[in-house]
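Structure file query.tsv (TSV, C-alpha atoms) follows.
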```tsv
chain	number	residue	atom	x	y	z
U	27	MET	CA	-5.76	-1.13	-30.41
U	28	VAL	CA	-2.27	-2.61	-30.41
U	29	CYS	CA	-0.65	0.84	-30.30
U	30	ALA	CA	-2.99	1.98	-27.51
U	31	ALA	CA	-2.13	-1.15	-25.53
U	32	LEU	CA	1.59	-0.49	-26.05
U	33	LEU	CA	1.13	3.08	-24.83
U	34	ALA	CA	-0.69	1.87	-21.72
U	35	ALA	CA	2.02	-0.74	-21.09
U	36	SER	CA	4.72	1.92	-21.51
U	37	LEU	CA	2.99	4.14	-18.97
U	38	VAL	CA	2.81	1.26	-16.48
U	39	VAL	CA	6.49	0.37	-16.98
U	40	SER	CA	7.51	4.01	-16.60
U	41	VAL	CA	5.58	4.39	-13.35
U	42	ASN	CA	6.98	1.15	-11.94
U	43	PHE	CA	10.59	1.72	-13.02
U	44	GLY	CA	12.94	3.46	-10.62
U	45	VAL	CA	15.49	3.21	-7.85
U	46	ALA	CA	12.81	2.73	-5.19
U	47	GLY	CA	11.75	-0.59	-6.73
U	48	LEU	CA	7.99	-0.13	-6.48
U	49	GLY	CA	5.58	-2.55	-8.16
U	50	VAL	CA	2.12	-2.56	-9.70
U	51	THR	CA	0.48	-3.27	-6.33
U	52	ASP	CA	2.16	-0.17	-4.88
U	53	VAL	CA	0.79	1.92	-7.73
U	54	VAL	CA	-2.72	0.57	-7.22
U	55	ARG	CA	-2.51	1.24	-3.48
U	56	ALA	CA	-1.22	4.78	-4.02
U	57	PHE	CA	-4.40	5.69	-5.88
U	58	GLY	CA	-6.89	3.34	-4.27
U	59	ASN	CA	-5.82	3.62	-0.65
U	60	PHE	CA	-3.52	6.62	-0.32
U	61	ASP	CA	-2.07	6.88	3.19
U	62	GLY	CA	0.63	9.53	2.71
U	63	SER	CA	3.51	7.07	2.94
U	64	ARG	CA	6.83	7.66	1.21
U	65	ASP	CA	6.07	5.13	-1.54
U	66	ASP	CA	2.65	6.63	-2.22
U	67	LEU	CA	4.12	10.13	-2.46
U	68	ILE	CA	6.83	8.96	-4.87
U	69	ILE	CA	4.22	7.42	-7.15
U	70	ARG	CA	1.67	10.23	-7.06
U	71	THR	CA	3.96	13.27	-7.09
U	72	ILE	CA	6.96	12.04	-9.09
U	73	ARG	CA	6.46	8.96	-11.22
U	74	VAL	CA	2.91	9.38	-12.52
U	75	PRO	CA	3.39	13.06	-13.52
U	76	ARG	CA	6.70	12.14	-15.14
U	77	ALA	CA	5.16	9.33	-17.18
U	78	LEU	CA	2.24	11.51	-18.27
U	79	ALA	CA	4.60	14.35	-19.18
U	80	ALA	CA	6.75	12.04	-21.34
U	81	ALA	CA	3.70	10.66	-23.16
U	82	LEU	CA	2.26	14.14	-23.71
U	83	VAL	CA	5.52	15.69	-24.91
U	84	GLY	CA	6.18	12.78	-27.26
U	85	ALA	CA	2.70	13.07	-28.75
U	86	CYS	CA	3.00	16.85	-29.20
U	87	LEU	CA	6.38	16.68	-30.92
U	88	ALA	CA	5.41	13.79	-33.20
U	89	VAL	CA	2.21	15.47	-34.38
U	90	ALA	CA	4.00	18.81	-34.83
U	91	GLY	CA	6.70	17.12	-36.90
U	92	ALA	CA	4.14	15.30	-39.04
U	93	ILE	CA	2.30	18.53	-39.81
U	94	MET	CA	5.53	20.35	-40.66
U	95	GLN	CA	6.60	17.59	-43.03
U	96	GLY	CA	3.19	17.73	-44.67
U	97	ILE	CA	2.81	21.46	-45.25
U	98	THR	CA	6.44	21.96	-46.36
U	99	ARG	CA	6.74	18.64	-48.23
U	100	ASN	CA	10.10	18.36	-46.51
U	101	PRO	CA	11.13	14.97	-45.03
U	102	LEU	CA	13.64	16.75	-42.79
U	103	ALA	CA	11.06	19.01	-41.13
U	104	ASP	CA	11.00	18.75	-37.34
U	105	PRO	CA	10.47	21.31	-34.54
U	106	GLY	CA	14.07	20.80	-33.45
U	107	ILE	CA	15.80	20.78	-36.83
U	108	LEU	CA	13.91	23.83	-38.12
U	109	GLY	CA	14.80	25.92	-35.08
U	110	ILE	CA	11.37	26.07	-33.42
U	111	ASN	CA	12.53	24.28	-30.28
U	112	ALA	CA	15.60	26.52	-30.10
U	113	GLY	CA	13.42	29.63	-30.41
U	114	ALA	CA	11.12	28.47	-27.65
U	115	ALA	CA	14.06	27.54	-25.43
U	116	PHE	CA	15.77	30.90	-25.98
U	117	ALA	CA	12.56	32.73	-25.07
U	118	VAL	CA	12.21	30.74	-21.85
U	119	VAL	CA	15.88	31.24	-20.89
U	120	THR	CA	15.60	34.97	-21.56
U	121	THR	CA	12.47	35.13	-19.42
U	122	VAL	CA	14.21	33.41	-16.51
U	123	PHE	CA	17.25	35.69	-16.95
U	124	VAL	CA	15.14	38.88	-16.91
U	125	PHE	CA	12.55	37.99	-14.30
U	126	GLY	CA	14.52	35.61	-12.11
U	127	GLY	CA	13.30	32.27	-10.77
U	128	THR	CA	10.13	32.04	-12.82
U	129	ALA	CA	8.01	28.95	-12.14
U	130	SER	CA	7.93	26.39	-14.95
U	131	ALA	CA	4.14	26.69	-15.10
U	132	THR	CA	4.58	30.17	-16.64
U	133	PHE	CA	6.98	29.05	-19.38
U	134	ALA	CA	4.29	28.24	-21.98
U	135	PRO	CA	3.36	31.75	-23.22
U	136	PHE	CA	7.01	32.72	-23.67
U	137	ALA	CA	7.76	29.39	-25.38
U	138	PHE	CA	4.95	30.05	-27.87
U	139	VAL	CA	6.32	33.50	-28.71
U	140	GLY	CA	9.84	32.15	-29.21
U	141	ALA	CA	8.58	29.27	-31.36
U	142	ALA	CA	6.52	31.63	-33.54
U	143	VAL	CA	9.39	34.07	-34.09
U	144	ALA	CA	11.83	31.27	-34.93
U	145	ALA	CA	9.35	29.69	-37.37
U	146	ALA	CA	8.84	33.01	-39.14
U	147	ILE	CA	12.58	33.65	-39.45
U	148	VAL	CA	13.34	30.15	-40.78
U	149	TYR	CA	10.49	30.26	-43.28
U	150	GLY	CA	11.54	33.72	-44.42
U	151	ILE	CA	15.16	32.72	-44.97
U	152	GLY	CA	14.16	29.46	-46.64
U	153	SER	CA	11.90	31.32	-49.07
U	154	MET	CA	14.64	33.69	-50.26
U	155	GLY	CA	16.16	33.29	-53.68
U	156	ARG	CA	14.76	32.14	-56.97
U	157	GLY	CA	12.37	29.28	-57.41
U	158	ARG	CA	10.27	27.51	-54.84
U	159	MET	CA	11.47	26.75	-51.37
U	160	LYS	CA	13.42	23.49	-51.45
U	161	PRO	CA	13.64	20.98	-48.57
U	162	MET	CA	17.41	21.21	-48.17
U	163	ARG	CA	17.32	25.02	-48.24
U	164	LEU	CA	14.73	25.03	-45.48
U	165	ALA	CA	16.73	22.51	-43.43
U	166	ILE	CA	19.90	24.59	-43.77
U	167	ALA	CA	18.03	27.74	-42.76
U	168	GLY	CA	16.61	25.94	-39.75
U	169	ALA	CA	20.01	24.61	-38.72
U	170	ALA	CA	21.52	28.09	-39.01
U	171	VAL	CA	18.77	29.74	-36.97
U	172	ALA	CA	18.88	26.97	-34.37
U	173	ALA	CA	22.66	27.37	-34.04
U	174	LEU	CA	22.34	31.15	-33.71
U	175	LEU	CA	19.60	30.96	-31.07
U	176	SER	CA	21.47	28.23	-29.20
U	177	SER	CA	24.55	30.46	-29.08
U	178	PHE	CA	22.42	33.31	-27.68
U	179	THR	CA	21.03	30.89	-25.11
U	180	THR	CA	24.53	29.79	-24.13
U	181	ALA	CA	25.68	33.40	-23.82
U	182	THR	CA	22.75	34.18	-21.54
U	183	LEU	CA	23.57	31.21	-19.33
U	184	VAL	CA	27.23	32.26	-19.14
U	185	LEU	CA	26.19	35.73	-18.01
U	186	SER	CA	23.89	34.40	-15.29
U	187	GLU	CA	24.89	31.51	-13.07
U	188	GLN	CA	21.50	31.71	-11.36
U	189	THR	CA	19.72	31.14	-14.67
U	190	MET	CA	21.98	28.18	-15.38
U	191	ASP	CA	21.21	26.62	-12.00
U	192	THR	CA	17.47	27.13	-12.51
U	193	ILE	CA	17.04	25.43	-15.88
U	194	ARG	CA	20.23	23.59	-16.85
U	195	PHE	CA	18.63	20.12	-16.64
U	196	TRP	CA	15.50	21.36	-18.41
U	197	LEU	CA	17.64	22.81	-21.19
U	198	ALA	CA	19.06	19.37	-22.02
U	199	GLY	CA	15.53	17.99	-22.46
U	200	SER	CA	14.07	16.27	-19.41
U	201	VAL	CA	10.76	15.27	-17.84
U	202	LEU	CA	12.28	14.88	-14.39
U	203	GLY	CA	10.43	16.72	-11.64
U	204	ARG	CA	7.40	17.71	-13.72
U	205	ASP	CA	4.15	17.93	-11.75
U	206	LEU	CA	0.48	17.61	-12.57
U	207	GLU	CA	-0.06	21.34	-12.08
U	208	LEU	CA	2.29	22.10	-14.98
U	209	LEU	CA	0.46	19.61	-17.20
U	210	LYS	CA	-2.85	21.25	-16.30
U	211	GLN	CA	-1.41	24.65	-17.23
U	212	ILE	CA	-0.45	23.62	-20.75
U	213	SER	CA	-3.35	21.23	-21.42
U	214	PRO	CA	-5.62	23.91	-23.02
U	215	TYR	CA	-2.89	24.81	-25.51
U	216	VAL	CA	-2.24	21.14	-26.28
U	217	LEU	CA	-5.94	20.47	-26.77
U	218	VAL	CA	-6.36	23.36	-29.20
U	219	GLY	CA	-3.24	22.24	-31.09
U	220	PHE	CA	-4.48	18.66	-31.44
U	221	VAL	CA	-7.98	19.75	-32.48
U	222	LEU	CA	-6.53	22.07	-35.14
U	223	ALA	CA	-4.22	19.34	-36.40
U	224	VAL	CA	-7.01	16.77	-36.73
U	225	ALA	CA	-9.34	19.29	-38.35
U	226	LEU	CA	-6.69	20.03	-41.00
U	227	SER	CA	-5.79	16.40	-41.71
U	228	ARG	CA	-7.56	16.26	-45.10
U	229	GLN	CA	-6.06	19.57	-46.21
U	230	VAL	CA	-2.53	18.55	-45.19
U	231	THR	CA	-2.93	15.29	-47.13
U	232	ALA	CA	-3.80	17.32	-50.23
U	233	LEU	CA	-0.83	19.63	-49.68
U	234	MET	CA	1.44	16.58	-49.63
U	235	LEU	CA	0.42	16.04	-53.26
U	236	GLY	CA	1.49	19.55	-54.17
U	237	GLU	CA	0.17	23.07	-53.72
U	238	ASP	CA	-1.20	23.17	-57.26
U	239	VAL	CA	-3.18	20.00	-56.65
U	240	ALA	CA	-4.53	21.34	-53.36
U	241	THR	CA	-5.57	24.60	-55.03
U	242	GLY	CA	-7.25	22.65	-57.81
U	243	LEU	CA	-9.27	20.79	-55.20
U	244	GLY	CA	-10.62	24.11	-53.95
U	245	GLN	CA	-8.42	24.53	-50.90
U	246	ARG	CA	-7.38	27.88	-49.50
U	247	THR	CA	-3.76	26.84	-49.10
U	248	ALA	CA	-2.58	30.03	-47.39
U	249	LEU	CA	-5.24	29.66	-44.69
U	250	THR	CA	-4.48	25.95	-44.28
U	251	LYS	CA	-0.77	26.63	-43.84
U	252	SER	CA	-1.40	29.46	-41.37
U	253	LEU	CA	-3.65	27.31	-39.19
U	254	ALA	CA	-1.22	24.38	-39.46
U	255	VAL	CA	1.67	26.58	-38.33
U	256	LEU	CA	-0.45	27.74	-35.40
U	257	ALA	CA	-1.04	24.11	-34.42
U	258	VAL	CA	2.70	23.42	-34.64
U	259	ILE	CA	3.53	26.43	-32.47
U	260	LEU	CA	1.00	25.40	-29.81
U	261	LEU	CA	2.18	21.78	-29.74
U	262	ALA	CA	5.92	22.42	-29.96
U	263	GLY	CA	5.74	25.35	-27.55
U	264	SER	CA	3.83	23.23	-25.02
U	265	ALA	CA	6.37	20.43	-25.35
U	266	VAL	CA	9.31	22.79	-24.78
U	267	ALA	CA	7.57	24.42	-21.82
U	268	VAL	CA	7.25	21.01	-20.16
U	269	ALA	CA	10.44	19.18	-21.10
U	270	GLY	CA	12.81	21.62	-22.76
U	271	PRO	CA	14.11	21.24	-26.32
U	272	VAL	CA	13.78	17.48	-26.91
U	273	GLY	CA	14.87	16.74	-30.46
U	274	PHE	CA	14.22	14.22	-33.24
U	275	ILE	CA	10.89	12.79	-32.01
U	276	GLY	CA	9.08	14.93	-34.59
U	277	LEU	CA	11.48	13.73	-37.29
U	278	VAL	CA	11.61	9.98	-36.69
U	279	VAL	CA	8.07	9.10	-35.60
U	280	PRO	CA	6.09	10.45	-38.61
U	281	HIS	CA	8.36	8.55	-41.03
U	282	ALA	CA	7.89	5.35	-39.08
U	283	VAL	CA	4.12	5.86	-39.01
U	284	ARG	CA	3.91	6.51	-42.78
U	285	PHE	CA	5.65	3.21	-43.39
U	286	PHE	CA	2.69	1.41	-41.82
U	287	VAL	CA	-0.38	3.58	-42.50
U	288	GLY	CA	0.45	5.35	-45.77
U	289	LEU	CA	0.11	9.05	-46.63
U	290	ASP	CA	-3.38	9.83	-45.32
U	291	TYR	CA	-3.04	12.35	-42.47
U	292	ARG	CA	-6.34	11.22	-40.99
U	293	TRP	CA	-4.35	8.16	-39.90
U	294	ILE	CA	-0.86	9.65	-39.65
U	295	LEU	CA	-1.74	12.21	-36.95
U	296	PRO	CA	-3.44	9.94	-34.37
U	297	TYR	CA	-0.88	7.19	-34.84
U	298	SER	CA	1.96	9.72	-34.58
U	299	ALA	CA	0.53	10.95	-31.27
U	300	ILE	CA	0.40	7.44	-29.83
U	301	ILE	CA	3.77	6.26	-31.18
U	302	GLY	CA	5.40	9.55	-30.16
U	303	GLY	CA	4.24	8.99	-26.59
U	304	ILE	CA	5.55	5.43	-26.63
U	305	VAL	CA	8.93	6.45	-28.06
U	306	LEU	CA	9.57	9.22	-25.53
U	307	LEU	CA	8.42	7.02	-22.66
U	308	GLY	CA	10.88	4.36	-23.85
U	309	ALA	CA	13.67	6.93	-24.18
U	310	ASP	CA	12.98	8.17	-20.65
U	311	ILE	CA	13.09	4.63	-19.27
U	312	ILE	CA	16.42	4.01	-21.05
U	313	SER	CA	17.77	7.31	-19.69
U	314	ARG	CA	16.99	6.16	-16.15
U	315	ALA	CA	18.34	2.64	-16.72
U	316	VAL	CA	21.77	3.64	-18.06
U	317	LEU	CA	22.70	5.70	-15.00
U	318	PRO	CA	20.14	4.95	-12.27
U	319	VAL	CA	21.50	7.46	-9.75
U	320	HIS	CA	22.65	10.27	-12.08
U	321	GLU	CA	20.24	9.78	-14.96
U	322	ILE	CA	20.81	11.03	-18.50
U	323	PRO	CA	18.44	13.75	-19.78
U	324	VAL	CA	15.97	12.21	-22.21
U	325	GLY	CA	16.96	14.74	-24.87
U	326	VAL	CA	20.40	13.11	-25.03
U	327	THR	CA	18.89	9.68	-25.59
U	328	THR	CA	16.61	10.85	-28.40
U	329	ALA	CA	19.56	12.60	-30.07
U	330	VAL	CA	21.63	9.41	-30.07
U	331	VAL	CA	18.92	7.64	-32.05
U	332	GLY	CA	17.65	10.57	-34.11
U	333	ALA	CA	20.93	12.02	-35.40
U	334	PRO	CA	21.86	8.96	-37.53
U	335	PHE	CA	18.30	8.88	-38.89
U	336	PHE	CA	18.60	12.55	-39.89
U	337	ILE	CA	21.85	11.82	-41.71
U	338	TYR	CA	20.17	8.93	-43.54
U	339	LEU	CA	17.27	11.14	-44.66
U	340	ALA	CA	19.57	13.95	-45.75
U	341	ARG	CA	21.71	11.53	-47.73
U	342	TYR	CA	19.12	9.34	-49.42
U	343	LYS	CA	15.65	10.92	-49.20
U	344	VAL	CA	16.12	14.59	-50.03
U	345	SER	CA	16.63	16.01	-53.51
U	346	GLN	CA	18.80	19.09	-53.63
```

Could you take the file, read its structure, and then write that structure out as structure tokens?
Amino acid sequence: MVCAALLAASLVVSVNFGVAGLGVTDVVRAFGNFDGSRDDLIIRTIRVPRALAAALVGACLAVAGAIMQGITRNPLADPGILGINAGAAFAVVTTVFVFGGTASATFAPFAFVGAAVAAAIVYGIGSMGRGRMKPMRLAIAGAAVAALLSSFTTATLVLSEQTMDTIRFWLAGSVLGRDLELLKQISPYVLVGFVLAVALSRQVTALMLGEDVATGLGQRTALTKSLAVLAVILLAGSAVAVAGPVGFIGLVVPHAVRFFVGLDYRWILPYSAIIGGIVLLGADIISRAVLPVHEIPVGVTTAVVGAPFFIYLARYKVSQ
């Protein structure tokens, strides 16, 4: 209840915060007695969709990160660190480069394909060599693939100034200018991803104890991992389609949630969704507060907080 109340409060603050200086009464009027005024249009077409987009993206990334950490038993797993965000972003940039000014509502299918290909490449590289796949090996593979795909993305943008102009703010990670139509477009994918994640919560908890333990409990671990990866691709791909490659939410939030609720994924996943929404809403508010006129992309704000946390995990929580 406390977390739900915090999420609701964060949504209210996000909708009310801005250069125009609108208050709660203006928000209530915009939905209860809409008259087409400038203030009503700002609230209904800019601020409310932006707040909902931030909450949704934060929830998607946090749940995707929690699942990845569970099925790989890797505390460094995150859609951004393991290259999934970079794959989705490269696919979207390539689509815009090839087909021109594609509307953001059509980004989702291409983001899913890019996320899936990147996940397969990282997992394949991380599985090479003798012995079982180790957390640090997977993290290094993800960093390498993310760097490679990011360089391809940069090269594409250099070749096409039009592509750069179309998505440069999106590429830094931003919920600015998102509309309700885009959220409706990706909502089916998000819903399926969340349902899959919740349905697999018991199995992911068992996998956290080890694959041998999960097999001993009668689980079909290959099927569980395949469905879990599908959920991650749907959630991370949806998040990238809406806000671009926002990093570190999927890394930081699940660790914070485990500190309070333990290792049971029946609790970790719903709390990660709520806390992820709160964290990204807070980051978006901070991004607007630092430079009110020329705001900072929210992806920059999350990186400032998440990068030191990643270094801490790599240094103290991961065995080589």

Neighbours of range 102-116 of chain U within 7 Å (all atoms listed in the file; same-chain residues fewer than 6 positions away dropped), as a ChimeraX atom specification?
/U:90-91,94-95,137-138,140-141,144-145,148,165,168-169,171-172,175-176,179,262-263,266,270-271,273-274,276-277,339

Which residues of range 87-109 of chain U come within 12 Å of range 220-226 of chain U, and what is each one's closest atom pair and distance in Å (one decimal), counting all atoms listed in the file, sorted by chain and residue number, as CSV?
```
residue,atom,partner,partner_atom,distance
U:Leu87,CA,U:Phe220,CA,11.1
U:Ala88,CA,U:Phe220,CA,11.2
U:Val89,CA,U:Ala223,CA,7.8
U:Ala90,CA,U:Ala223,CA,8.4
U:Gly91,CA,U:Ala223,CA,11.2
U:Ala92,CA,U:Ala223,CA,9.7
U:Ile93,CA,U:Ala223,CA,7.4
U:Met94,CA,U:Ala223,CA,10.7
U:Gly96,CA,U:Leu226,CA,10.8
U:Ile97,CA,U:Leu226,CA,10.5
```

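Between Thr250 in chain U and the residues U:Leu33, U:Ala81, U:Ser227, U:Val272, the shortest atom-to-atom distance, using all atoms listed in the file, involves U:Ser227.
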
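For the set U:Lys251, U:Arg163, U:His320, U:Arg204, the residue with the smallest atom-to-atom gap to Thr71 in chain U is U:Arg204, counting only C-alpha atoms.
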
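From CA of Val201 in chain U back to CA of Val41 in chain U, the distance works out to 12.9 Å.
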
Hey, can you pull every residue with an atom no more than 7 Å from (11.9, 27.6, -18.7), using all atoms listed in the file, and send it as an MDAnalysis selection string?
chainID U and resid 118:119 122 130 133 193 267

Any chance you could export the current selection's C-alpha atoms as a PDB file, keeping the file's coordinate frame?
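Result saved to again.pdb:
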```
ATOM      1  CA  VAL U 118      12.210  30.740 -21.850  1.00  0.00           C
ATOM      2  CA  VAL U 119      15.880  31.240 -20.890  1.00  0.00           C
ATOM      3  CA  VAL U 122      14.210  33.410 -16.510  1.00  0.00           C
ATOM      4  CA  SER U 130       7.930  26.390 -14.950  1.00  0.00           C
ATOM      5  CA  PHE U 133       6.980  29.050 -19.380  1.00  0.00           C
ATOM      6  CA  ILE U 193      17.040  25.430 -15.880  1.00  0.00           C
ATOM      7  CA  ALA U 267       7.570  24.420 -21.820  1.00  0.00           C
TER       8      ALA U 267
END
```

Between U:Val38, U:Ala77, U:Leu289, U:Leu164, which residue has the minimum interatomic distance to Ala269 in chain U, considering all atoms listed in the file?
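Closest candidate: U:Ala77.
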
Of U:Leu206, U:Ile259, U:Leu174, U:Val230, the one sitting nearest Val139 in chain U when using all atoms listed in the file is U:Ile259

Write out as a list in words which residues come within 12 Å of Gln245 in chain U when counting all atoms listed in the file, dropping same-chain ones fewer than 3 positions away.
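Using all atoms listed in the file, the neighbours found are Leu226, Arg228, Gln229, Val230, Thr231, Ala232, Leu233, Gly236, Glu237, Asp238, Val239, Ala240, Thr241, Gly242, Ala248, Leu249, Thr250 and Lys251 of chain U.
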
Quick check, in Å to one decimal: how far apart do CA of Ala315 in chain U and CA of Gly203 in chain U lie?
16.9 Å

Given all atoms listed in the file as the counted atoms, nearest of U:Arg314, U:Trp196, U:Arg70, U:Gly84 to Ile301 in chain U
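Residue with the minimum atom-to-atom distance to Ile301 in chain U: U:Gly84.
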
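The shortest atom-to-atom distance to Met234 in chain U, with all atoms listed in the file taken into account, belongs to U:Asn100 out of U:Ser36, U:Ser177, U:Asn100, U:Asn42.
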
Distance cut-off 7 Å, centre (19.7, 15.7, -27.2) in file coordinates, counting all atoms listed in the file: which residues qualify? Return them as a CSV table (one decimal) with C-alpha atoms, in the coordinates of the input.
```csv
chain,number,residue,atom,x,y,z
U,198,ALA,CA,19.1,19.4,-22.0
U,199,GLY,CA,15.5,18.0,-22.5
U,272,VAL,CA,13.8,17.5,-26.9
U,273,GLY,CA,14.9,16.7,-30.5
U,325,GLY,CA,17.0,14.7,-24.9
U,326,VAL,CA,20.4,13.1,-25.0
U,327,THR,CA,18.9,9.7,-25.6
U,328,THR,CA,16.6,10.8,-28.4
U,329,ALA,CA,19.6,12.6,-30.1
```

Report, in Å to a single decimal, how far apart CA of Ala167 in chain U and CA of Ala181 in chain U are.
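Interatomic distance, CA of Ala181 in chain U to CA of Ala167 in chain U: 21.2 Å.
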
Listed atoms of range 71-82 of chain U boxed axis-aligned with 8 Å per side, centre + edges as AutoDock Vina command-line options:
```
--center_x 4.6 --center_y 11.7 --center_z -15.4 --size_x 20.7 --size_y 21.4 --size_z 32.6
```

Find the residues near Leu307 in chain U: any atom within 10 Å, counting all atoms listed in the file, skip ones fewer than 2 places away on the same chain, and give them as a PyMOL selection string.
chain U and resi 33+36-37+39-40+76-84+201+301-305+309-313+324
